[in-house]
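A.B. asks: As input, take structure24.pdb (PDB, C-alpha atoms):
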```pdb
ATOM      1  CA  GLY B   1     -11.441 -29.963  22.473
ATOM      2  CA  LYS B   2      -7.789 -28.936  22.564
ATOM      3  CA  ALA B   3      -7.382 -25.249  21.808
ATOM      4  CA  ASP B   4      -4.515 -24.145  19.580
ATOM      5  CA  LEU B   5      -2.570 -20.998  20.485
ATOM      6  CA  ILE B   6      -2.029 -17.985  18.217
ATOM      7  CA  THR B   7       0.444 -15.220  19.051
ATOM      8  CA  VAL B   8       1.382 -11.906  17.434
ATOM      9  CA  SER B   9       4.317  -9.566  17.958
ATOM     10  CA  GLU B  10       5.838  -6.351  16.628
ATOM     11  CA  TRP B  11       8.292  -6.998  13.774
ATOM     12  CA  GLY B  12       6.942 -10.555  13.611
ATOM     13  CA  ALA B  13       4.262 -12.700  11.980
ATOM     14  CA  PRO B  14       1.137 -14.288  13.517
ATOM     15  CA  LEU B  15       2.276 -17.699  14.766
ATOM     16  CA  VAL B  16       0.010 -20.703  15.256
ATOM     17  CA  TYR B  17       0.943 -23.350  17.830
ATOM     18  CA  LYS B  18      -0.774 -26.735  17.576
ATOM     19  CA  ASN B  19      -1.951 -28.210  20.884
ATOM     20  CA  SER B  20      -1.476 -32.002  21.051
ATOM     21  CA  GLY B  21      -2.835 -32.160  24.593
ATOM     22  CA  ARG B  22       0.699 -32.596  25.893
ATOM     23  CA  ARG B  23       2.698 -29.852  24.227
ATOM     24  CA  LEU B  24       2.548 -26.917  21.818
ATOM     25  CA  SER B  25       4.340 -27.151  18.479
ATOM     26  CA  LEU B  26       4.753 -24.394  15.889
ATOM     27  CA  LYS B  27       2.577 -24.984  12.820
ATOM     28  CA  GLU B  28       3.400 -23.552   9.396
ATOM     29  CA  THR B  29       0.462 -21.530   8.035
ATOM     30  CA  SER B  30      -0.149 -19.005   5.271
ATOM     31  CA  LEU B  31       0.344 -16.306   7.956
ATOM     32  CA  SER B  32       3.877 -17.409   8.887
ATOM     33  CA  ASP B  33       5.517 -14.771   6.643
ATOM     34  CA  LYS B  34       2.942 -11.966   7.118
ATOM     35  CA  THR B  35       5.125  -9.701   9.221
ATOM     36  CA  GLY B  36       3.708  -6.523  10.743
ATOM     37  CA  TRP B  37       3.730  -4.357  13.841
ATOM     38  CA  TRP B  38       0.920  -6.500  15.216
ATOM     39  CA  ASN B  39      -0.427  -5.221  18.545
ATOM     40  CA  THR B  40      -3.317  -7.554  19.252
ATOM     41  CA  ILE B  41      -5.288 -10.489  17.911
ATOM     42  CA  ALA B  42      -8.830 -11.820  18.345
ATOM     43  CA  ALA B  43     -10.088 -15.243  17.257
ATOM     44  CA  VAL B  44     -13.598 -14.790  15.843
ATOM     45  CA  ASP B  45     -15.850 -16.907  13.627
ATOM     46  CA  ILE B  46     -16.434 -14.050  11.181
ATOM     47  CA  ASP B  47     -18.396 -16.010   8.552
ATOM     48  CA  ASN B  48     -20.272 -18.464  10.829
ATOM     49  CA  ASP B  49     -18.718 -21.515   9.157
ATOM     50  CA  GLY B  50     -17.648 -23.140  12.413
ATOM     51  CA  ASP B  51     -13.893 -22.408  12.270
ATOM     52  CA  MET B  52     -12.042 -19.544  13.871
ATOM     53  CA  ASP B  53     -10.981 -16.591  11.766
ATOM     54  CA  LEU B  54      -8.661 -13.869  13.041
ATOM     55  CA  VAL B  55      -8.831 -10.107  13.510
ATOM     56  CA  LEU B  56      -5.355  -8.560  13.596
ATOM     57  CA  GLY B  57      -4.662  -5.107  15.054
ATOM     58  CA  ASN B  58      -1.714  -3.290  13.431
ATOM     59  CA  GLU B  59      -0.271   0.256  13.336
ATOM     60  CA  GLY B  60      -2.533   1.445  10.485
ATOM     61  CA  GLU B  61      -1.672   3.534   7.425
ATOM     62  CA  ASN B  62      -1.454   6.999   8.990
ATOM     63  CA  LEU B  63       2.345   6.716   9.174
ATOM     64  CA  HIS B  64       5.321   8.638   7.793
ATOM     65  CA  TYR B  65       6.743   5.456   6.292
ATOM     66  CA  LEU B  66       4.564   2.639   5.005
ATOM     67  CA  PRO B  67       5.974  -0.827   4.348
ATOM     68  CA  SER B  68       4.654  -3.132   1.633
ATOM     69  CA  GLU B  69       5.397  -6.611   0.331
ATOM     70  CA  GLN B  70       7.602  -5.054  -2.364
ATOM     71  CA  ARG B  71       9.161  -2.457  -0.033
ATOM     72  CA  PRO B  72       9.466  -3.905   3.462
ATOM     73  CA  MET B  73      10.805  -1.892   6.363
ATOM     74  CA  SER B  74      13.590  -3.570   8.321
ATOM     75  CA  MET B  75      15.426  -3.294  11.603
ATOM     76  CA  TYR B  76      19.074  -4.337  11.964
ATOM     77  CA  ILE B  77      20.138  -5.076  15.549
ATOM     78  CA  ASN B  78      23.838  -5.328  16.449
ATOM     79  CA  ASP B  79      26.697  -3.676  18.320
ATOM     80  CA  PHE B  80      27.812  -1.973  15.114
ATOM     81  CA  ASP B  81      30.755  -0.044  16.586
ATOM     82  CA  ASN B  82      31.885  -2.694  19.117
ATOM     83  CA  ASN B  83      31.465  -0.439  22.146
ATOM     84  CA  GLY B  84      29.268  -2.807  24.181
ATOM     85  CA  THR B  85      26.008  -1.041  23.287
ATOM     86  CA  ILE B  86      23.403  -2.622  21.006
ATOM     87  CA  GLU B  87      22.029  -0.343  18.275
ATOM     88  CA  GLN B  88      18.863  -0.686  16.202
ATOM     89  CA  ILE B  89      18.951   0.719  12.670
ATOM     90  CA  THR B  90      15.553   1.066  10.957
ATOM     91  CA  THR B  91      15.527   1.018   7.154
ATOM     92  CA  MET B  92      13.235   1.417   4.147
ATOM     93  CA  HIS B  93      13.626  -0.555   0.922
ATOM     94  CA  LYS B  94      14.475   1.187  -2.352
ATOM     95  CA  ASN B  95      16.009  -0.095  -5.608
ATOM     96  CA  GLY B  96      16.512  -3.522  -4.076
ATOM     97  CA  LYS B  97      18.499  -2.200  -1.086
ATOM     98  CA  ASP B  98      17.862  -0.901   2.436
ATOM     99  CA  TYR B  99      18.587   2.676   3.458
ATOM    100  CA  PRO B 100      18.445   4.069   7.013
ATOM    101  CA  LEU B 101      15.563   6.321   8.050
ATOM    102  CA  HIS B 102      17.413   7.957  10.945
ATOM    103  CA  GLN B 103      18.661  11.533  10.683
ATOM    104  CA  LYS B 104      22.436  11.790  10.278
ATOM    105  CA  LYS B 105      22.874  13.551  13.639
ATOM    106  CA  GLU B 106      20.889  10.782  15.371
ATOM    107  CA  ILE B 107      22.962   7.977  13.930
ATOM    108  CA  THR B 108      26.355   9.668  14.505
ATOM    109  CA  ALA B 109      25.398  10.601  18.078
ATOM    110  CA  GLN B 110      24.664   6.920  18.716
ATOM    111  CA  MET B 111      27.784   5.680  16.916
ATOM    112  CA  SER B 112      30.726   8.029  17.208
ATOM    113  CA  SER B 113      32.805   5.791  14.902
ATOM    114  CA  LEU B 114      30.701   7.081  11.988
ATOM    115  CA  LYS B 115      31.976  10.612  12.600
ATOM    116  CA  LYS B 116      35.316   9.483  11.131
ATOM    117  CA  GLN B 117      33.619   9.074   7.741
ATOM    118  CA  ASN B 118      32.976  12.846   7.706
ATOM    119  CA  LEU B 119      29.732  12.295   5.860
ATOM    120  CA  LYS B 120      27.795  15.334   4.693
ATOM    121  CA  ALA B 121      24.073  15.139   5.353
ATOM    122  CA  SER B 122      23.402  15.168   1.596
ATOM    123  CA  ASP B 123      25.825  12.239   1.086
ATOM    124  CA  TYR B 124      24.368  10.305   3.985
ATOM    125  CA  ALA B 125      20.819  10.752   2.656
ATOM    126  CA  ASN B 126      21.709   8.775  -0.489
ATOM    127  CA  ARG B 127      23.673   5.992   1.157
ATOM    128  CA  TYR B 128      22.363   2.470   1.524
ATOM    129  CA  ILE B 129      23.040   0.612   4.750
ATOM    130  CA  ASP B 130      25.794  -1.515   3.155
ATOM    131  CA  GLU B 131      27.616   1.714   2.201
ATOM    132  CA  ILE B 132      27.697   2.845   5.846
ATOM    133  CA  PHE B 133      28.408  -0.360   7.777
ATOM    134  CA  THR B 134      30.779  -3.245   7.127
ATOM    135  CA  GLU B 135      29.562  -6.430   5.481
ATOM    136  CA  GLU B 136      30.548  -8.394   8.590
ATOM    137  CA  SER B 137      28.545  -6.199  10.993
ATOM    138  CA  LEU B 138      25.454  -6.510   8.780
ATOM    139  CA  GLN B 139      25.818 -10.277   8.406
ATOM    140  CA  ASN B 140      26.092 -10.643  12.182
ATOM    141  CA  ALA B 141      23.091  -8.398  12.815
ATOM    142  CA  ILE B 142      19.649  -9.706  13.718
ATOM    143  CA  LYS B 143      17.324  -8.538  10.931
ATOM    144  CA  LYS B 144      13.576  -8.109  11.373
ATOM    145  CA  SER B 145      11.290  -7.014   8.537
ATOM    146  CA  VAL B 146       7.727  -5.728   8.259
ATOM    147  CA  LYS B 147       5.541  -5.983   5.151
ATOM    148  CA  TYR B 148       2.116  -4.980   6.468
ATOM    149  CA  ALA B 149       0.911  -1.931   8.415
ATOM    150  CA  GLN B 150      -2.854  -2.365   7.929
ATOM    151  CA  SER B 151      -5.182  -3.857  10.506
ATOM    152  CA  MET B 152      -6.751  -6.910   8.863
ATOM    153  CA  ILE B 153      -9.081  -9.839   9.070
ATOM    154  CA  ALA B 154      -7.693 -13.278   8.210
ATOM    155  CA  VAL B 155     -10.425 -15.599   6.940
ATOM    156  CA  ASN B 156      -9.817 -19.303   7.627
ATOM    157  CA  ASP B 157     -10.683 -21.808   4.894
ATOM    158  CA  GLY B 158     -10.902 -24.586   7.497
ATOM    159  CA  LYS B 159      -7.564 -26.120   6.530
ATOM    160  CA  GLY B 160      -5.364 -23.537   8.234
ATOM    161  CA  ASN B 161      -5.031 -21.321   5.145
ATOM    162  CA  PHE B 162      -5.876 -17.696   5.839
ATOM    163  CA  SER B 163      -6.752 -14.994   3.298
ATOM    164  CA  LEU B 164      -5.904 -11.483   4.489
ATOM    165  CA  LYS B 165      -8.318  -8.627   3.958
ATOM    166  CA  PRO B 166      -7.790  -5.041   5.199
ATOM    167  CA  LEU B 167     -10.377  -3.576   7.552
ATOM    168  CA  PRO B 168     -12.211  -0.372   6.438
ATOM    169  CA  TYR B 169     -10.041   2.700   5.914
ATOM    170  CA  GLN B 170     -11.391   4.480   9.015
ATOM    171  CA  THR B 171      -9.722   1.833  11.201
ATOM    172  CA  GLN B 172      -6.390   2.502   9.442
ATOM    173  CA  LEU B 173      -6.199   6.140  10.660
ATOM    174  CA  SER B 174      -4.421   4.961  13.813
ATOM    175  CA  CYS B 175      -3.209   1.778  15.465
ATOM    176  CA  VAL B 176      -5.542  -0.874  16.860
ATOM    177  CA  CYS B 177      -4.432  -1.938  20.351
ATOM    178  CA  ASP B 178      -7.359  -4.100  21.456
ATOM    179  CA  ILE B 179     -10.369  -5.830  19.908
ATOM    180  CA  VAL B 180     -13.642  -7.088  21.363
ATOM    181  CA  ALA B 181     -15.940  -9.334  19.290
ATOM    182  CA  THR B 182     -19.614  -9.315  20.262
ATOM    183  CA  ASP B 183     -22.960  -9.394  18.443
ATOM    184  CA  ILE B 184     -24.058  -5.765  18.821
ATOM    185  CA  ASN B 185     -27.155  -5.729  16.571
ATOM    186  CA  LYS B 186     -28.370  -9.250  17.492
ATOM    187  CA  ASP B 187     -28.249 -10.638  13.947
ATOM    188  CA  GLY B 188     -26.223 -13.713  14.916
ATOM    189  CA  LEU B 189     -22.960 -12.351  13.470
ATOM    190  CA  ALA B 190     -19.827 -11.292  15.375
ATOM    191  CA  ASP B 191     -19.342  -7.515  15.252
ATOM    192  CA  LEU B 192     -16.125  -5.750  16.295
ATOM    193  CA  ILE B 193     -15.269  -2.976  18.735
ATOM    194  CA  MET B 194     -11.705  -1.628  18.532
ATOM    195  CA  ALA B 195      -9.600   1.137  20.010
ATOM    196  CA  GLY B 196      -5.981   2.283  20.036
ATOM    197  CA  ASN B 197      -3.623   5.264  19.594
ATOM    198  CA  ASN B 198       0.084   5.486  20.439
ATOM    199  CA  PHE B 199       1.798   8.632  21.761
ATOM    200  CA  GLU B 200       5.273   7.071  22.143
ATOM    201  CA  PHE B 201       6.832   8.080  18.808
ATOM    202  CA  LYS B 202       9.801  10.416  18.421
ATOM    203  CA  PRO B 203       8.765  14.068  17.917
ATOM    204  CA  GLN B 204       9.601  14.113  14.193
ATOM    205  CA  TYR B 205       7.069  11.315  13.599
ATOM    206  CA  SER B 206       4.270  13.005  15.596
ATOM    207  CA  GLN B 207       1.924  10.596  17.392
ATOM    208  CA  LEU B 208      -0.866   8.249  16.390
ATOM    209  CA  ASP B 209      -3.918   9.985  17.873
ATOM    210  CA  ALA B 210      -6.587   9.880  15.140
ATOM    211  CA  SER B 211      -8.633   7.001  16.568
ATOM    212  CA  PHE B 212     -11.744   7.705  18.631
ATOM    213  CA  GLY B 213     -12.683   4.044  18.697
ATOM    214  CA  ASN B 214     -14.164   1.841  15.985
ATOM    215  CA  VAL B 215     -17.413  -0.090  15.812
ATOM    216  CA  LEU B 216     -17.705  -2.413  12.809
ATOM    217  CA  LEU B 217     -20.858  -4.335  11.940
ATOM    218  CA  ASN B 218     -20.490  -7.759  10.322
ATOM    219  CA  GLN B 219     -22.038  -7.738   6.826
ATOM    220  CA  GLY B 220     -22.264 -11.533   6.605
ATOM    221  CA  ASP B 221     -19.911 -11.822   3.615
ATOM    222  CA  ALA B 222     -16.613 -11.735   5.553
ATOM    223  CA  SER B 223     -16.609  -7.937   5.451
ATOM    224  CA  TYR B 224     -17.295  -5.185   7.973
ATOM    225  CA  ALA B 225     -18.995  -1.780   7.768
ATOM    226  CA  TRP B 226     -17.548   1.002   9.952
ATOM    227  CA  GLN B 227     -20.180   2.883  11.990
ATOM    228  CA  ASN B 228     -20.104   6.635  12.513
ATOM    229  CA  TYR B 229     -19.748   7.796  16.117
ATOM    230  CA  ASP B 230     -23.231   9.312  16.377
ATOM    231  CA  LYS B 231     -24.666   5.994  15.198
ATOM    232  CA  SER B 232     -22.405   3.682  17.228
ATOM    233  CA  GLY B 233     -22.408   5.655  20.501
ATOM    234  CA  PHE B 234     -18.776   4.630  21.073
ATOM    235  CA  PHE B 235     -16.397   7.596  21.184
ATOM    236  CA  VAL B 236     -13.245   7.603  23.302
ATOM    237  CA  LYS B 237     -10.170   9.859  23.095
ATOM    238  CA  GLY B 238      -6.597   9.110  24.156
ATOM    239  CA  GLU B 239      -4.435   6.002  24.236
ATOM    240  CA  VAL B 240      -6.735   3.029  24.712
ATOM    241  CA  LYS B 241      -4.713  -0.091  25.441
ATOM    242  CA  HIS B 242      -7.409  -2.536  26.618
ATOM    243  CA  LEU B 243     -11.103  -3.225  26.035
ATOM    244  CA  ALA B 244     -13.251  -5.746  27.902
ATOM    245  CA  THR B 245     -16.928  -6.639  28.259
ATOM    246  CA  PHE B 246     -18.691  -7.670  31.453
ATOM    247  CA  LYS B 247     -22.298  -8.349  32.495
ATOM    248  CA  ASP B 248     -24.298  -7.314  35.554
ATOM    249  CA  LYS B 249     -26.730  -9.602  37.415
ATOM    250  CA  ASN B 250     -29.543  -8.565  35.051
ATOM    251  CA  GLY B 251     -27.575  -9.760  32.018
ATOM    252  CA  THR B 252     -26.848  -6.262  30.664
ATOM    253  CA  THR B 253     -23.516  -6.139  28.805
ATOM    254  CA  TYR B 254     -21.052  -3.307  29.417
ATOM    255  CA  LEU B 255     -17.836  -2.371  27.631
ATOM    256  CA  ILE B 256     -14.952  -0.869  29.590
ATOM    257  CA  ALA B 257     -12.088   0.986  27.888
ATOM    258  CA  SER B 258      -8.860   1.553  29.810
ATOM    259  CA  VAL B 259      -7.300   4.852  28.723
ATOM    260  CA  ASN B 260      -3.655   5.629  29.512
ATOM    261  CA  ASP B 261      -3.283   8.474  32.063
ATOM    262  CA  GLN B 262      -7.076   8.800  32.332
ATOM    263  CA  LYS B 263      -9.985   7.170  34.125
ATOM    264  CA  PRO B 264     -11.504   4.096  32.428
ATOM    265  CA  LYS B 265     -14.637   4.761  30.378
ATOM    266  CA  THR B 266     -17.672   2.471  30.531
ATOM    267  CA  PHE B 267     -20.333   2.015  27.836
ATOM    268  CA  VAL B 268     -23.540  -0.039  27.924
ATOM    269  CA  LEU B 269     -24.416  -2.242  24.948
ATOM    270  CA  ASN B 270     -28.051  -1.428  24.251
ATOM    271  CA  GLU B 271     -30.411  -4.135  23.104
TER     272      GLU B 271
END
```
Represent the structure from my file as structure tokens, please.
C.D. replies:
Amino acid sequence: GKADLITVSEWGAPLVYKNSGRRLSLKETSLSDKTGWWNTIAAVDIDNDGDMDLVLGNEGENLHYLPSEQRPMSMYINDFDNNGTIEQITTMHKNGKDYPLHQKKEITAQMSSLKKQNLKASDYANRYIDEIFTEESLQNAIKKSVKYAQSMIAVNDGKGNFSLKPLPYQTQLSCVCDIVATDINKDGLADLIMAGNNFEFKPQYSQLDASFGNVLLNQGDASYAWQNYDKSGFFVKGEVKHLATFKDKNGTTYLIASVNDQKPKTFVLNE
């Protein structure tokens, strides 16, 4: 058969491209407006109904600022002070408007034109973005928004409609950067192995380092149960960016985790 293509991106939504056999064309789905900081995606038949569901790795909920459908976080991208340098202004939503998250000294250091406003820090803290920048510069800006921070499963009804369901809270303690689906306990259902962490944040936001890997067993009702480390045997520290399985000539399955600035770690999947 012709495989469709699904992509994810930061500050974007999961996008489904239909494969006609000759070309790919963007298909509107119920995921088309589900914007997040999506890191990774795995196509898995979670409920054994013959169609592919999705597992979506996001930044998690252990963040200073959490977006929601009612209060999305946004990024405005433009050369706001016309000096040839592109700036990105990140905002949170409050009272129907967006306000910048950046410290005053950060934003004035980036845009010296703002120094002319002689804003006090206390004044700046209460200003919405349209009270700092001109209407024209905001209208000309590229605007990206995020509504979801949780890592999720998206269950397919077979017609291309997906219902989103957050993964267990333990997986939300940090970001999920890669996902492997494999039947760990040999019950015929696809289980999940995940890992992540991100140390690249600015100092005031700390770093996402609370993940030591996740093993989730499929419960058969489109839900997953998180396994404790002593039970799962999978425990890995650091920034894990990629996971992969491979088999030896005897058919034994191994899992390899690539850890940033460290040696890869290898685990054997026991029968």
A.B. asks: Work out how far apart atom CA of B:Ser258 and atom CA of B:Cys177 are and give it in Å to one decimal.
C.D. replies: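 Value for the atom CA of B:Ser258-atom CA of B:Cys177 distance: 11.0 Å.
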A.B. asks: On this file, the PyMOL selection byres ((chain B and resi 262) around 12) gives some set of residues; write that set as a PyMOL selection string.
C.D. replies: chain B and resi 236-241+257-261+263-265
A.B. asks: So how many Å separate atom CA of B:Gly50 and atom CA of B:Asp4, to one decimal?
C.D. replies: 15.0 Å
A.B. asks: Could you list, as an MDAnalysis selection string, every residue matched by the PyMOL selection byres ((chain B and resi 41-47) around 9) in this structure?
C.D. replies: chainID B and resid 6:8 14 38:40 48:57 153 155:156 177:181 189:191 218 220:223
A.B. asks: Find, counting all atoms listed in the file, the residue in B:Thr252, B:Gln110, B:Thr182, B:Thr35 that gets nearest to B:Thr85.
C.D. replies: B:Gln110
A.B. asks: Hey, can I get the axis-aligned box for stretch 238-241 of chain B? All listed atoms, 8 Å padding on each side, centre and edge lengths in Å to one decimal, as AutoDock Vina command-line options.
C.D. replies:
```
--center_x -5.6 --center_y 4.5 --center_z 24.8 --size_x 18.3 --size_y 25.2 --size_z 17.3
```
A.B. asks: Have a look at atom CA of B:Met152 and atom CA of B:Arg23 and let me know their distance in Å, one decimal.
C.D. replies: 29.2 Å
A.B. asks: Might you spell out which residues the PyMOL selection byres ((chain B and resi 144) around 6) would select in the displayed file, as number ranges by chain?
C.D. replies: B: 11, 74-75, 143, 145
A.B. asks: So, with only C-alpha atoms as the atoms that count, which of B:Leu208, B:Cys175, B:Ile86, B:Leu26 lies closest to B:Ala195?
C.D. replies: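 Result for the nearest residue to B:Ala195: B:Cys175.
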A.B. asks: Determine, counting only C-alpha atoms, which protein, DNA and RNA residues have an atom within 7 Å of an atom of B:Val215; residues of the same chain fewer than 4 positions away are not included. Present the result as a PDB file with C-alpha atoms, keeping the file's coordinate frame.
C.D. replies:
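Output below, filename selection_20.pdb:
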```pdb
ATOM      1  CA  LEU B 192     -16.125  -5.750  16.295  1.00  0.00           C
ATOM      2  CA  ILE B 193     -15.269  -2.976  18.735  1.00  0.00           C
ATOM      3  CA  MET B 194     -11.705  -1.628  18.532  1.00  0.00           C
ATOM      4  CA  TRP B 226     -17.548   1.002   9.952  1.00  0.00           C
ATOM      5  CA  GLN B 227     -20.180   2.883  11.990  1.00  0.00           C
ATOM      6  CA  SER B 232     -22.405   3.682  17.228  1.00  0.00           C
TER       7      SER B 232
END
```
A.B. asks: List as a list of chain:residue names the protein and nucleic acid residues near B:Lys116, meaning an atom at most 12 Å away when only C-alpha atoms are counted, but skip any in the same chain fewer than 6 places from it.
C.D. replies: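 Listed by chain and then number, they are B:Asp81, B:Thr108, B:Ile132.
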A.B. asks: Identify, on the basis of all atoms listed in the file, every residue whose closest approach to B:Tyr148 does not exceed 7 Å; exclude the query and any residue fewer than 2 positions from it along the same chain; express the result as number ranges by chain.
C.D. replies: B: 35-36, 67-68, 146, 150
A.B. asks: With only C-alpha atoms as the basis for distance, which of B:Phe133, B:Tyr205, B:Ala3, B:Leu164 is at the shortest distance from B:Tyr65?
C.D. replies: B:Tyr205
A.B. asks: Of the candidates B:Asn95, B:Asn198, B:Asn214, B:Gln103, which shows the shortest atom-to-atom distance to B:Tyr169, using all atoms listed in the file?
C.D. replies: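 Using all atoms listed in the file, B:Tyr169 sits closest to B:Asn214.
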